[in-house]
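Here is the file final_14.pdb (PDB, C-alpha atoms).
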```
ATOM      1  CA  ASP W  27      26.123  33.609 -23.552  1.00  0.00           C
ATOM      2  CA  ALA W  28      27.281  30.006 -23.376  1.00  0.00           C
ATOM      3  CA  GLY W  29      24.468  27.633 -22.484  1.00  0.00           C
ATOM      4  CA  ILE W  30      25.607  26.387 -19.128  1.00  0.00           C
ATOM      5  CA  THR W  31      23.508  26.023 -16.011  1.00  0.00           C
ATOM      6  CA  GLN W  32      24.159  24.761 -12.524  1.00  0.00           C
ATOM      7  CA  SER W  33      21.762  23.287 -10.011  1.00  0.00           C
ATOM      8  CA  PRO W  34      21.040  23.899  -7.271  1.00  0.00           C
ATOM      9  CA  ARG W  35      22.191  27.494  -7.040  1.00  0.00           C
ATOM     10  CA  HIS W  36      22.203  27.430  -3.258  1.00  0.00           C
ATOM     11  CA  LYS W  37      22.334  24.555  -0.826  1.00  0.00           C
ATOM     12  CA  VAL W  38      22.716  24.173   2.911  1.00  0.00           C
ATOM     13  CA  THR W  39      23.488  20.703   4.170  1.00  0.00           C
ATOM     14  CA  GLU W  40      24.749  18.998   7.302  1.00  0.00           C
ATOM     15  CA  THR W  41      28.144  17.451   7.866  1.00  0.00           C
ATOM     16  CA  GLY W  42      28.249  13.830   6.782  1.00  0.00           C
ATOM     17  CA  THR W  43      25.437  13.995   4.212  1.00  0.00           C
ATOM     18  CA  PRO W  44      25.979  13.275   0.518  1.00  0.00           C
ATOM     19  CA  VAL W  45      25.578  16.142  -1.922  1.00  0.00           C
ATOM     20  CA  THR W  46      25.434  16.173  -5.713  1.00  0.00           C
ATOM     21  CA  LEU W  47      25.820  19.271  -7.823  1.00  0.00           C
ATOM     22  CA  ARG W  48      24.814  19.264 -11.457  1.00  0.00           C
ATOM     23  CA  CYS W  49      26.258  21.099 -14.415  1.00  0.00           C
ATOM     24  CA  HIS W  50      24.346  21.098 -17.675  1.00  0.00           C
ATOM     25  CA  GLN W  51      25.492  22.485 -21.025  1.00  0.00           C
ATOM     26  CA  THR W  52      23.748  22.925 -24.351  1.00  0.00           C
ATOM     27  CA  GLU W  53      26.913  23.728 -26.335  1.00  0.00           C
ATOM     28  CA  ASN W  54      28.044  20.140 -26.983  1.00  0.00           C
ATOM     29  CA  HIS W  55      31.509  21.076 -25.733  1.00  0.00           C
ATOM     30  CA  ARG W  56      33.948  18.274 -25.048  1.00  0.00           C
ATOM     31  CA  TYR W  57      35.592  19.583 -21.904  1.00  0.00           C
ATOM     32  CA  MET W  58      33.843  20.235 -18.602  1.00  0.00           C
ATOM     33  CA  TYR W  59      35.374  21.371 -15.329  1.00  0.00           C
ATOM     34  CA  TRP W  60      34.480  21.756 -11.673  1.00  0.00           C
ATOM     35  CA  TYR W  61      36.166  24.496  -9.633  1.00  0.00           C
ATOM     36  CA  ARG W  62      35.762  25.803  -6.149  1.00  0.00           C
ATOM     37  CA  GLN W  63      36.319  29.416  -5.199  1.00  0.00           C
ATOM     38  CA  ASP W  64      37.484  30.325  -1.729  1.00  0.00           C
ATOM     39  CA  PRO W  65      38.835  33.594  -0.304  1.00  0.00           C
ATOM     40  CA  GLY W  66      42.596  33.751  -0.614  1.00  0.00           C
ATOM     41  CA  HIS W  67      42.692  30.800  -3.017  1.00  0.00           C
ATOM     42  CA  GLY W  68      41.044  31.992  -6.162  1.00  0.00           C
ATOM     43  CA  LEU W  69      39.634  29.245  -8.345  1.00  0.00           C
ATOM     44  CA  ARG W  70      40.958  25.748  -7.844  1.00  0.00           C
ATOM     45  CA  LEU W  71      40.291  22.818 -10.131  1.00  0.00           C
ATOM     46  CA  ILE W  72      38.548  19.839  -8.522  1.00  0.00           C
ATOM     47  CA  HIS W  73      37.970  17.484 -11.461  1.00  0.00           C
ATOM     48  CA  TYR W  74      37.604  17.776 -15.184  1.00  0.00           C
ATOM     49  CA  SER W  75      36.212  15.705 -18.016  1.00  0.00           C
ATOM     50  CA  TYR W  76      37.531  15.391 -21.560  1.00  0.00           C
ATOM     51  CA  GLY W  77      34.677  13.271 -22.855  1.00  0.00           C
ATOM     52  CA  VAL W  78      31.822  11.008 -21.843  1.00  0.00           C
ATOM     53  CA  LYS W  79      33.055   8.735 -19.057  1.00  0.00           C
ATOM     54  CA  ASP W  80      36.528  10.323 -19.284  1.00  0.00           C
ATOM     55  CA  THR W  81      37.489  12.256 -16.183  1.00  0.00           C
ATOM     56  CA  ASP W  82      40.623  13.208 -14.309  1.00  0.00           C
ATOM     57  CA  LYS W  83      41.597  14.781 -11.015  1.00  0.00           C
ATOM     58  CA  GLY W  84      42.508  18.388 -10.466  1.00  0.00           C
ATOM     59  CA  GLU W  85      44.544  19.950  -7.692  1.00  0.00           C
ATOM     60  CA  VAL W  86      41.914  19.642  -4.916  1.00  0.00           C
ATOM     61  CA  SER W  87      40.087  16.398  -5.706  1.00  0.00           C
ATOM     62  CA  ASP W  88      40.136  14.749  -2.271  1.00  0.00           C
ATOM     63  CA  GLY W  89      36.606  14.228  -0.955  1.00  0.00           C
ATOM     64  CA  TYR W  90      34.997  14.702  -4.374  1.00  0.00           C
ATOM     65  CA  SER W  91      33.947  12.398  -7.171  1.00  0.00           C
ATOM     66  CA  VAL W  92      32.498  13.142 -10.591  1.00  0.00           C
ATOM     67  CA  SER W  93      30.580  11.409 -13.307  1.00  0.00           C
ATOM     68  CA  ARG W  94      29.790  12.194 -16.903  1.00  0.00           C
ATOM     69  CA  SER W  95      27.405   9.770 -18.564  1.00  0.00           C
ATOM     70  CA  LYS W  96      26.219  12.238 -21.223  1.00  0.00           C
ATOM     71  CA  THR W  97      28.000  15.019 -23.080  1.00  0.00           C
ATOM     72  CA  GLU W  98      25.729  17.646 -21.584  1.00  0.00           C
ATOM     73  CA  ASP W  99      25.882  16.700 -17.893  1.00  0.00           C
ATOM     74  CA  PHE W 100      28.758  16.699 -15.428  1.00  0.00           C
ATOM     75  CA  LEU W 101      27.967  15.787 -11.830  1.00  0.00           C
ATOM     76  CA  LEU W 102      30.043  16.593  -8.775  1.00  0.00           C
ATOM     77  CA  THR W 103      29.435  14.494  -5.674  1.00  0.00           C
ATOM     78  CA  LEU W 104      30.554  15.060  -2.130  1.00  0.00           C
ATOM     79  CA  GLU W 105      30.123  11.605  -0.636  1.00  0.00           C
ATOM     80  CA  SER W 106      30.172  12.867   2.948  1.00  0.00           C
ATOM     81  CA  ALA W 107      30.188  16.628   3.159  1.00  0.00           C
ATOM     82  CA  THR W 108      32.538  18.387   5.572  1.00  0.00           C
ATOM     83  CA  SER W 109      32.639  22.001   6.719  1.00  0.00           C
ATOM     84  CA  SER W 110      35.852  22.523   4.728  1.00  0.00           C
ATOM     85  CA  GLN W 111      33.807  21.938   1.578  1.00  0.00           C
ATOM     86  CA  THR W 112      31.738  25.043   2.228  1.00  0.00           C
ATOM     87  CA  SER W 113      32.492  27.044  -0.888  1.00  0.00           C
ATOM     88  CA  VAL W 114      31.191  28.424  -4.136  1.00  0.00           C
ATOM     89  CA  TYR W 115      31.389  25.831  -6.895  1.00  0.00           C
ATOM     90  CA  PHE W 116      31.701  26.757 -10.544  1.00  0.00           C
ATOM     91  CA  CYS W 117      31.311  24.568 -13.556  1.00  0.00           C
ATOM     92  CA  ALA W 118      33.028  25.497 -16.812  1.00  0.00           C
ATOM     93  CA  ILE W 119      33.009  24.216 -20.364  1.00  0.00           C
ATOM     94  CA  ARG W 120      35.491  24.441 -23.193  1.00  0.00           C
ATOM     95  CA  GLY W 121      35.431  23.460 -26.821  1.00  0.00           C
ATOM     96  CA  VAL W 122      38.162  21.664 -28.725  1.00  0.00           C
ATOM     97  CA  GLY W 123      40.751  23.676 -30.566  1.00  0.00           C
ATOM     98  CA  LEU W 124      43.472  26.200 -30.120  1.00  0.00           C
ATOM     99  CA  ARG W 125      41.339  28.630 -28.186  1.00  0.00           C
ATOM    100  CA  TYR W 126      41.546  27.759 -24.527  1.00  0.00           C
ATOM    101  CA  GLU W 127      38.952  30.030 -22.990  1.00  0.00           C
ATOM    102  CA  GLN W 128      36.402  28.480 -20.680  1.00  0.00           C
ATOM    103  CA  TYR W 129      32.822  29.510 -20.177  1.00  0.00           C
ATOM    104  CA  PHE W 130      31.593  29.419 -16.616  1.00  0.00           C
ATOM    105  CA  GLY W 131      28.256  28.702 -15.091  1.00  0.00           C
ATOM    106  CA  PRO W 132      26.645  30.989 -12.512  1.00  0.00           C
ATOM    107  CA  GLY W 133      27.929  29.003  -9.525  1.00  0.00           C
ATOM    108  CA  THR W 134      26.478  27.032  -6.633  1.00  0.00           C
ATOM    109  CA  ARG W 135      26.895  28.309  -3.106  1.00  0.00           C
ATOM    110  CA  LEU W 136      27.211  25.329  -0.780  1.00  0.00           C
ATOM    111  CA  THR W 137      27.172  25.653   2.980  1.00  0.00           C
ATOM    112  CA  VAL W 138      27.992  22.640   5.139  1.00  0.00           C
ATOM    113  CA  THR W 139      26.931  23.111   8.765  1.00  0.00           C
TER     114      THR W 139
ATOM    115  CA  ASP T  46      51.830  25.563  -3.931  1.00  0.00           C
ATOM    116  CA  GLN T  47      50.385  28.421  -5.942  1.00  0.00           C
ATOM    117  CA  GLN T  48      51.697  28.269  -9.499  1.00  0.00           C
ATOM    118  CA  VAL T  49      49.932  31.461 -10.533  1.00  0.00           C
ATOM    119  CA  LYS T  50      50.094  34.467  -8.232  1.00  0.00           C
ATOM    120  CA  GLN T  51      48.377  37.797  -8.138  1.00  0.00           C
ATOM    121  CA  ASN T  52      50.112  39.694  -5.387  1.00  0.00           C
ATOM    122  CA  SER T  53      47.816  42.703  -5.334  1.00  0.00           C
ATOM    123  CA  PRO T  54      44.456  41.822  -3.771  1.00  0.00           C
ATOM    124  CA  SER T  55      42.987  45.189  -4.709  1.00  0.00           C
ATOM    125  CA  LEU T  56      43.522  48.207  -6.928  1.00  0.00           C
ATOM    126  CA  SER T  57      41.749  51.556  -7.171  1.00  0.00           C
ATOM    127  CA  VAL T  58      41.959  53.730 -10.251  1.00  0.00           C
ATOM    128  CA  GLN T  59      40.302  56.950 -11.371  1.00  0.00           C
ATOM    129  CA  GLU T  60      37.922  56.757 -14.296  1.00  0.00           C
ATOM    130  CA  GLY T  61      39.720  57.433 -17.569  1.00  0.00           C
ATOM    131  CA  ARG T  62      43.132  56.427 -16.248  1.00  0.00           C
ATOM    132  CA  ILE T  63      45.021  53.225 -16.942  1.00  0.00           C
ATOM    133  CA  SER T  64      44.517  50.122 -14.809  1.00  0.00           C
ATOM    134  CA  ILE T  65      47.415  47.686 -14.658  1.00  0.00           C
ATOM    135  CA  LEU T  66      46.851  44.272 -13.143  1.00  0.00           C
ATOM    136  CA  ASN T  67      49.787  41.957 -12.621  1.00  0.00           C
ATOM    137  CA  CYS T  68      50.255  38.219 -12.524  1.00  0.00           C
ATOM    138  CA  ASP T  69      53.300  36.017 -11.941  1.00  0.00           C
ATOM    139  CA  TYR T  70      53.716  32.323 -12.582  1.00  0.00           C
ATOM    140  CA  THR T  71      56.280  29.718 -11.644  1.00  0.00           C
ATOM    141  CA  ASN T  72      55.751  26.867 -14.114  1.00  0.00           C
ATOM    142  CA  SER T  73      57.867  27.331 -17.256  1.00  0.00           C
ATOM    143  CA  MET T  74      55.681  24.755 -19.038  1.00  0.00           C
ATOM    144  CA  PHE T  75      52.722  27.114 -19.124  1.00  0.00           C
ATOM    145  CA  ASP T  76      51.912  27.866 -22.713  1.00  0.00           C
ATOM    146  CA  TYR T  77      48.718  29.851 -22.679  1.00  0.00           C
ATOM    147  CA  PHE T  78      47.491  32.610 -20.422  1.00  0.00           C
ATOM    148  CA  LEU T  79      44.055  34.069 -19.910  1.00  0.00           C
ATOM    149  CA  TRP T  80      42.337  36.837 -18.002  1.00  0.00           C
ATOM    150  CA  TYR T  81      38.852  36.538 -16.607  1.00  0.00           C
ATOM    151  CA  LYS T  82      36.587  39.140 -15.086  1.00  0.00           C
ATOM    152  CA  LYS T  83      34.138  38.326 -12.326  1.00  0.00           C
ATOM    153  CA  TYR T  84      31.232  40.293 -10.935  1.00  0.00           C
ATOM    154  CA  PRO T  85      29.724  39.347  -7.546  1.00  0.00           C
ATOM    155  CA  ALA T  86      27.309  36.402  -7.622  1.00  0.00           C
ATOM    156  CA  GLU T  87      28.226  35.577 -11.233  1.00  0.00           C
ATOM    157  CA  GLY T  88      30.602  33.177 -12.891  1.00  0.00           C
ATOM    158  CA  PRO T  89      33.876  34.451 -14.353  1.00  0.00           C
ATOM    159  CA  THR T  90      33.768  35.636 -17.947  1.00  0.00           C
ATOM    160  CA  PHE T  91      36.616  35.372 -20.399  1.00  0.00           C
ATOM    161  CA  LEU T  92      38.312  38.666 -21.214  1.00  0.00           C
ATOM    162  CA  ILE T  93      41.487  38.162 -23.214  1.00  0.00           C
ATOM    163  CA  SER T  94      44.210  35.585 -23.748  1.00  0.00           C
ATOM    164  CA  ILE T  95      47.755  35.274 -25.022  1.00  0.00           C
ATOM    165  CA  SER T  96      49.849  32.430 -26.315  1.00  0.00           C
ATOM    166  CA  SER T  97      53.452  32.055 -25.223  1.00  0.00           C
ATOM    167  CA  ILE T  98      54.595  32.681 -28.795  1.00  0.00           C
ATOM    168  CA  LYS T  99      53.445  36.294 -28.462  1.00  0.00           C
ATOM    169  CA  ASP T 100      54.373  39.066 -26.093  1.00  0.00           C
ATOM    170  CA  LYS T 101      51.315  41.257 -26.588  1.00  0.00           C
ATOM    171  CA  ASN T 102      47.671  40.854 -27.453  1.00  0.00           C
ATOM    172  CA  GLU T 103      45.197  43.689 -27.754  1.00  0.00           C
ATOM    173  CA  ASP T 104      41.421  43.742 -27.816  1.00  0.00           C
ATOM    174  CA  GLY T 105      39.830  47.154 -27.659  1.00  0.00           C
ATOM    175  CA  ARG T 106      40.584  48.757 -24.313  1.00  0.00           C
ATOM    176  CA  PHE T 107      42.296  45.610 -23.028  1.00  0.00           C
ATOM    177  CA  THR T 108      45.900  44.633 -23.680  1.00  0.00           C
ATOM    178  CA  VAL T 109      47.765  41.721 -22.198  1.00  0.00           C
ATOM    179  CA  PHE T 110      51.558  41.695 -22.069  1.00  0.00           C
ATOM    180  CA  LEU T 111      53.637  38.579 -21.514  1.00  0.00           C
ATOM    181  CA  ASN T 112      57.256  38.581 -20.329  1.00  0.00           C
ATOM    182  CA  LYS T 113      58.334  34.943 -20.447  1.00  0.00           C
ATOM    183  CA  SER T 114      61.808  35.502 -19.085  1.00  0.00           C
ATOM    184  CA  ALA T 115      60.339  37.137 -15.990  1.00  0.00           C
ATOM    185  CA  LYS T 116      57.362  34.739 -15.897  1.00  0.00           C
ATOM    186  CA  HIS T 117      55.118  37.748 -15.655  1.00  0.00           C
ATOM    187  CA  LEU T 118      52.015  38.957 -17.417  1.00  0.00           C
ATOM    188  CA  SER T 119      49.969  42.074 -17.036  1.00  0.00           C
ATOM    189  CA  LEU T 120      46.580  43.326 -18.127  1.00  0.00           C
ATOM    190  CA  HIS T 121      46.228  46.953 -19.121  1.00  0.00           C
ATOM    191  CA  ILE T 122      42.815  48.599 -19.291  1.00  0.00           C
ATOM    192  CA  VAL T 123      42.751  51.988 -21.021  1.00  0.00           C
ATOM    193  CA  PRO T 124      40.717  54.037 -20.368  1.00  0.00           C
ATOM    194  CA  SER T 125      39.257  52.537 -17.210  1.00  0.00           C
ATOM    195  CA  GLN T 126      35.507  52.784 -16.771  1.00  0.00           C
ATOM    196  CA  PRO T 127      33.318  52.301 -13.682  1.00  0.00           C
ATOM    197  CA  GLY T 128      31.831  49.169 -15.286  1.00  0.00           C
ATOM    198  CA  ASP T 129      35.287  47.635 -15.189  1.00  0.00           C
ATOM    199  CA  SER T 130      35.016  47.376 -11.402  1.00  0.00           C
ATOM    200  CA  ALA T 131      35.216  43.635 -10.764  1.00  0.00           C
ATOM    201  CA  VAL T 132      37.590  40.910  -9.645  1.00  0.00           C
ATOM    202  CA  TYR T 133      40.126  39.922 -12.288  1.00  0.00           C
ATOM    203  CA  PHE T 134      41.697  36.480 -12.374  1.00  0.00           C
ATOM    204  CA  CYS T 135      44.652  35.417 -14.433  1.00  0.00           C
ATOM    205  CA  ALA T 136      44.935  31.781 -15.448  1.00  0.00           C
ATOM    206  CA  ALA T 137      47.537  29.593 -17.126  1.00  0.00           C
ATOM    207  CA  SER T 138      47.664  26.262 -18.879  1.00  0.00           C
ATOM    208  CA  THR T 139      50.168  23.998 -20.528  1.00  0.00           C
ATOM    209  CA  ASN T 140      49.756  23.185 -24.214  1.00  0.00           C
ATOM    210  CA  THR T 141      47.443  20.285 -23.418  1.00  0.00           C
ATOM    211  CA  GLY T 142      44.792  22.754 -22.334  1.00  0.00           C
ATOM    212  CA  ASN T 143      43.410  20.199 -19.917  1.00  0.00           C
ATOM    213  CA  GLN T 144      44.140  21.869 -16.595  1.00  0.00           C
ATOM    214  CA  PHE T 145      44.044  25.535 -15.765  1.00  0.00           C
ATOM    215  CA  TYR T 146      45.648  27.234 -12.801  1.00  0.00           C
ATOM    216  CA  PHE T 147      44.146  30.456 -11.514  1.00  0.00           C
ATOM    217  CA  GLY T 148      45.552  33.276  -9.458  1.00  0.00           C
ATOM    218  CA  THR T 149      43.816  34.527  -6.328  1.00  0.00           C
ATOM    219  CA  GLY T 150      42.331  37.535  -8.069  1.00  0.00           C
ATOM    220  CA  THR T 151      42.650  41.310  -7.940  1.00  0.00           C
ATOM    221  CA  SER T 152      39.644  43.426  -7.064  1.00  0.00           C
ATOM    222  CA  LEU T 153      39.609  46.505  -9.291  1.00  0.00           C
ATOM    223  CA  THR T 154      37.607  49.574  -8.316  1.00  0.00           C
ATOM    224  CA  VAL T 155      37.264  52.338 -10.870  1.00  0.00           C
ATOM    225  CA  ILE T 156      36.307  55.580  -9.174  1.00  0.00           C
ATOM    226  CA  PRO T 157      34.006  57.895 -11.176  1.00  0.00           C
TER     227      PRO T 157
END
```
Could you render the structure as structure tokens?
Amino acid sequence: DAGITQSPRHKVTETGTPVTLRCHQTENHRYMYWYRQDPGHGLRLIHYSYGVKDTDKGEVSDGYSVSRSKTEDFLLTLESATSSQTSVYFCAIRGVGLRYEQYFGPGTRLTVT
Amino acid sequence: DQQVKQNSPSLSVQEGRISILNCDYTNSMFDYFLWYKKYPAEGPTFLISISSIKDKNEDGRFTVFLNKSAKHLSLHIVPSQPGDSAVYFCAASTNTGNQFYFGTGTSLTVIP
């Protein structure tokens, strides 16, 4: 199994509060991704990183920011959580090369009340 | 706008029979396609992939077929086993491999 963990695994927070989710990898992979999974939408990319301090937006980036100061950590921040951000969040990693498969973390279930 | 579509939310198959999961895409720039399997309360796990230069890739019981002209791919599982019961996502990427677009998933139930 790829060494990828997410913390916290579950979180309940109130509307308007800031929230940070952490993704940690031990594989030294270059690429890291944040997705959200919602019924009827599958997995949607929020942000991704292609190196330390190198990040870019995905298809649903509004309301989210990310940071990557070390290869192993990729943080997702909701500056002011809204109920529409209630979701399951998955982090994924990918190595460099022709093989494009990603390895996913176990997910974080976030509830915004 | 969904660039990768899985139009069947669910599928039930008898154990030992073939399971066929379908996926359609709209972006002709997609160059690489993947299937993931997901159990409840776990992250997706990679299953099989195919490059656009091929039309078939096989790995044990799993075969993926790609029809570029129809912008359609399918995953065949033969024979189906109860442990295959899960949600299956197809995904696609351009040749940069930076962004991946996922379908909405198909929930497969294999009946013993």
Give the centre and edge lengths of an axis-aligned box, in Å to one decimal, that holds all listed atoms of range 96-108 of chain W with 4 Å on each side, as JSON.
```
{"center_x": 29.1, "center_y": 15.0, "center_z": -8.8, "size_x": 14.8, "size_y": 14.8, "size_z": 36.7}
```
Near-Asp69 in chain T list (12 Å; all atoms listed in the file; drop same-chain fewer than 3 positions) as an mmCIF file with C-alpha atoms, keeping the file's coordinate frame:
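Wrote it out as part09.cif, contents follow:
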```cif
data_model
loop_
_atom_site.group_PDB
_atom_site.id
_atom_site.type_symbol
_atom_site.label_atom_id
_atom_site.label_comp_id
_atom_site.auth_asym_id
_atom_site.auth_seq_id
_atom_site.Cartn_x
_atom_site.Cartn_y
_atom_site.Cartn_z
ATOM 1 C CA GLN T 47 50.385 28.421 -5.942
ATOM 2 C CA GLN T 48 51.697 28.269 -9.499
ATOM 3 C CA VAL T 49 49.932 31.461 -10.533
ATOM 4 C CA LYS T 50 50.094 34.467 -8.232
ATOM 5 C CA GLN T 51 48.377 37.797 -8.138
ATOM 6 C CA ASN T 52 50.112 39.694 -5.387
ATOM 7 C CA SER T 53 47.816 42.703 -5.334
ATOM 8 C CA LEU T 66 46.851 44.272 -13.143
ATOM 9 C CA ASN T 72 55.751 26.867 -14.114
ATOM 10 C CA SER T 73 57.867 27.331 -17.256
ATOM 11 C CA PHE T 75 52.722 27.114 -19.124
ATOM 12 C CA PHE T 78 47.491 32.610 -20.422
ATOM 13 C CA PHE T 110 51.558 41.695 -22.069
ATOM 14 C CA LEU T 111 53.637 38.579 -21.514
ATOM 15 C CA ASN T 112 57.256 38.581 -20.329
ATOM 16 C CA LYS T 113 58.334 34.943 -20.447
ATOM 17 C CA SER T 114 61.808 35.502 -19.085
ATOM 18 C CA ALA T 115 60.339 37.137 -15.990
ATOM 19 C CA LYS T 116 57.362 34.739 -15.897
ATOM 20 C CA HIS T 117 55.118 37.748 -15.655
ATOM 21 C CA LEU T 118 52.015 38.957 -17.417
ATOM 22 C CA SER T 119 49.969 42.074 -17.036
ATOM 23 C CA LEU T 120 46.580 43.326 -18.127
ATOM 24 C CA PHE T 134 41.697 36.480 -12.374
ATOM 25 C CA CYS T 135 44.652 35.417 -14.433
ATOM 26 C CA ALA T 136 44.935 31.781 -15.448
ATOM 27 C CA ALA T 137 47.537 29.593 -17.126
ATOM 28 C CA TYR T 146 45.648 27.234 -12.801
ATOM 29 C CA PHE T 147 44.146 30.456 -11.514
ATOM 30 C CA GLY T 148 45.552 33.276 -9.458
ATOM 31 C CA THR T 149 43.816 34.527 -6.328
ATOM 32 C CA GLY T 150 42.331 37.535 -8.069
#
```
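Taking all atoms listed in the file, the non-local environment of Ser93 in chain W within 8 Å (same-chain residues fewer than 4 positions away omitted) comprises Lys79, Thr81, Phe100, Leu101 and Leu102 of chain W.
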Since we have the selection now, will you write its residues out, keeping C-alpha atoms, as a tab-separated table (two decimals), in the frame of the given file?
```tsv
chain	number	residue	atom	x	y	z
W	79	LYS	CA	33.06	8.74	-19.06
W	81	THR	CA	37.49	12.26	-16.18
W	100	PHE	CA	28.76	16.70	-15.43
W	101	LEU	CA	27.97	15.79	-11.83
W	102	LEU	CA	30.04	16.59	-8.78
```
Run the PyMOL selection byres ((chain T and resi 102) around 12) mentally over the shown coordinates, then write out the matched residues as a PyMOL selection string, using the chain letters and numbers from the document. chain T and resi 78-80+92-101+103-111+118-121
Could the residues in this selection be saved with C-alpha atoms as a PDB file, keeping the file's coordinate frame?
```pdb
ATOM      1  CA  PHE T  78      47.491  32.610 -20.422  1.00  0.00           C
ATOM      2  CA  LEU T  79      44.055  34.069 -19.910  1.00  0.00           C
ATOM      3  CA  TRP T  80      42.337  36.837 -18.002  1.00  0.00           C
ATOM      4  CA  LEU T  92      38.312  38.666 -21.214  1.00  0.00           C
ATOM      5  CA  ILE T  93      41.487  38.162 -23.214  1.00  0.00           C
ATOM      6  CA  SER T  94      44.210  35.585 -23.748  1.00  0.00           C
ATOM      7  CA  ILE T  95      47.755  35.274 -25.022  1.00  0.00           C
ATOM      8  CA  SER T  96      49.849  32.430 -26.315  1.00  0.00           C
ATOM      9  CA  SER T  97      53.452  32.055 -25.223  1.00  0.00           C
ATOM     10  CA  ILE T  98      54.595  32.681 -28.795  1.00  0.00           C
ATOM     11  CA  LYS T  99      53.445  36.294 -28.462  1.00  0.00           C
ATOM     12  CA  ASP T 100      54.373  39.066 -26.093  1.00  0.00           C
ATOM     13  CA  LYS T 101      51.315  41.257 -26.588  1.00  0.00           C
ATOM     14  CA  GLU T 103      45.197  43.689 -27.754  1.00  0.00           C
ATOM     15  CA  ASP T 104      41.421  43.742 -27.816  1.00  0.00           C
ATOM     16  CA  GLY T 105      39.830  47.154 -27.659  1.00  0.00           C
ATOM     17  CA  ARG T 106      40.584  48.757 -24.313  1.00  0.00           C
ATOM     18  CA  PHE T 107      42.296  45.610 -23.028  1.00  0.00           C
ATOM     19  CA  THR T 108      45.900  44.633 -23.680  1.00  0.00           C
ATOM     20  CA  VAL T 109      47.765  41.721 -22.198  1.00  0.00           C
ATOM     21  CA  PHE T 110      51.558  41.695 -22.069  1.00  0.00           C
ATOM     22  CA  LEU T 111      53.637  38.579 -21.514  1.00  0.00           C
ATOM     23  CA  LEU T 118      52.015  38.957 -17.417  1.00  0.00           C
ATOM     24  CA  SER T 119      49.969  42.074 -17.036  1.00  0.00           C
ATOM     25  CA  LEU T 120      46.580  43.326 -18.127  1.00  0.00           C
ATOM     26  CA  HIS T 121      46.228  46.953 -19.121  1.00  0.00           C
TER      27      HIS T 121
END
```
Got a sec: who's within 12 Å of Val114 in chain W, counting all atoms listed in the file, leaving out chain neighbours fewer than 2 positions off, as number ranges by chain? W: 32, 34-38, 47, 60-65, 67-70, 110-112, 116-117, 131-138; T: 85-88
Give me the residues near range 139-142 of chain T as a VMD selection string, where near means some atom within 7 Å (using only C-alpha atoms) and where sequence neighbours in that chain fewer than 6 positions away do not count. (chain W and resid 126) or (chain T and resid 74 to 77)
Determine the residue membership of the PyMOL selection byres ((chain W and resi 50-59) around 10) for the file above and supply it as a CSV table (one decimal) with C-alpha atoms, in the coordinates of the input.
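Result went into out.csv, see below:
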```
chain,number,residue,atom,x,y,z
W,28,ALA,CA,27.3,30.0,-23.4
W,29,GLY,CA,24.5,27.6,-22.5
W,30,ILE,CA,25.6,26.4,-19.1
W,31,THR,CA,23.5,26.0,-16.0
W,32,GLN,CA,24.2,24.8,-12.5
W,33,SER,CA,21.8,23.3,-10.0
W,48,ARG,CA,24.8,19.3,-11.5
W,49,CYS,CA,26.3,21.1,-14.4
W,60,TRP,CA,34.5,21.8,-11.7
W,61,TYR,CA,36.2,24.5,-9.6
W,71,LEU,CA,40.3,22.8,-10.1
W,72,ILE,CA,38.5,19.8,-8.5
W,73,HIS,CA,38.0,17.5,-11.5
W,74,TYR,CA,37.6,17.8,-15.2
W,75,SER,CA,36.2,15.7,-18.0
W,76,TYR,CA,37.5,15.4,-21.6
W,77,GLY,CA,34.7,13.3,-22.9
W,78,VAL,CA,31.8,11.0,-21.8
W,80,ASP,CA,36.5,10.3,-19.3
W,81,THR,CA,37.5,12.3,-16.2
W,82,ASP,CA,40.6,13.2,-14.3
W,84,GLY,CA,42.5,18.4,-10.5
W,92,VAL,CA,32.5,13.1,-10.6
W,94,ARG,CA,29.8,12.2,-16.9
W,96,LYS,CA,26.2,12.2,-21.2
W,97,THR,CA,28.0,15.0,-23.1
W,98,GLU,CA,25.7,17.6,-21.6
W,99,ASP,CA,25.9,16.7,-17.9
W,100,PHE,CA,28.8,16.7,-15.4
W,101,LEU,CA,28.0,15.8,-11.8
W,102,LEU,CA,30.0,16.6,-8.8
W,116,PHE,CA,31.7,26.8,-10.5
W,117,CYS,CA,31.3,24.6,-13.6
W,118,ALA,CA,33.0,25.5,-16.8
W,119,ILE,CA,33.0,24.2,-20.4
W,120,ARG,CA,35.5,24.4,-23.2
W,121,GLY,CA,35.4,23.5,-26.8
W,122,VAL,CA,38.2,21.7,-28.7
W,128,GLN,CA,36.4,28.5,-20.7
W,129,TYR,CA,32.8,29.5,-20.2
W,130,PHE,CA,31.6,29.4,-16.6
W,131,GLY,CA,28.3,28.7,-15.1
T,142,GLY,CA,44.8,22.8,-22.3
T,143,ASN,CA,43.4,20.2,-19.9
T,144,GLN,CA,44.1,21.9,-16.6
T,145,PHE,CA,44.0,25.5,-15.8
```
So that I can see what lies close to Gly61 in chain T, please list as JSON, numbers by chain the residues with an atom at most 12 Å from it, counting only C-alpha atoms and leaving out residues fewer than 5 positions away in the same chain. {"T": [106, 122, 123, 124, 125, 126, 127, 128, 129, 155, 156, 157]}
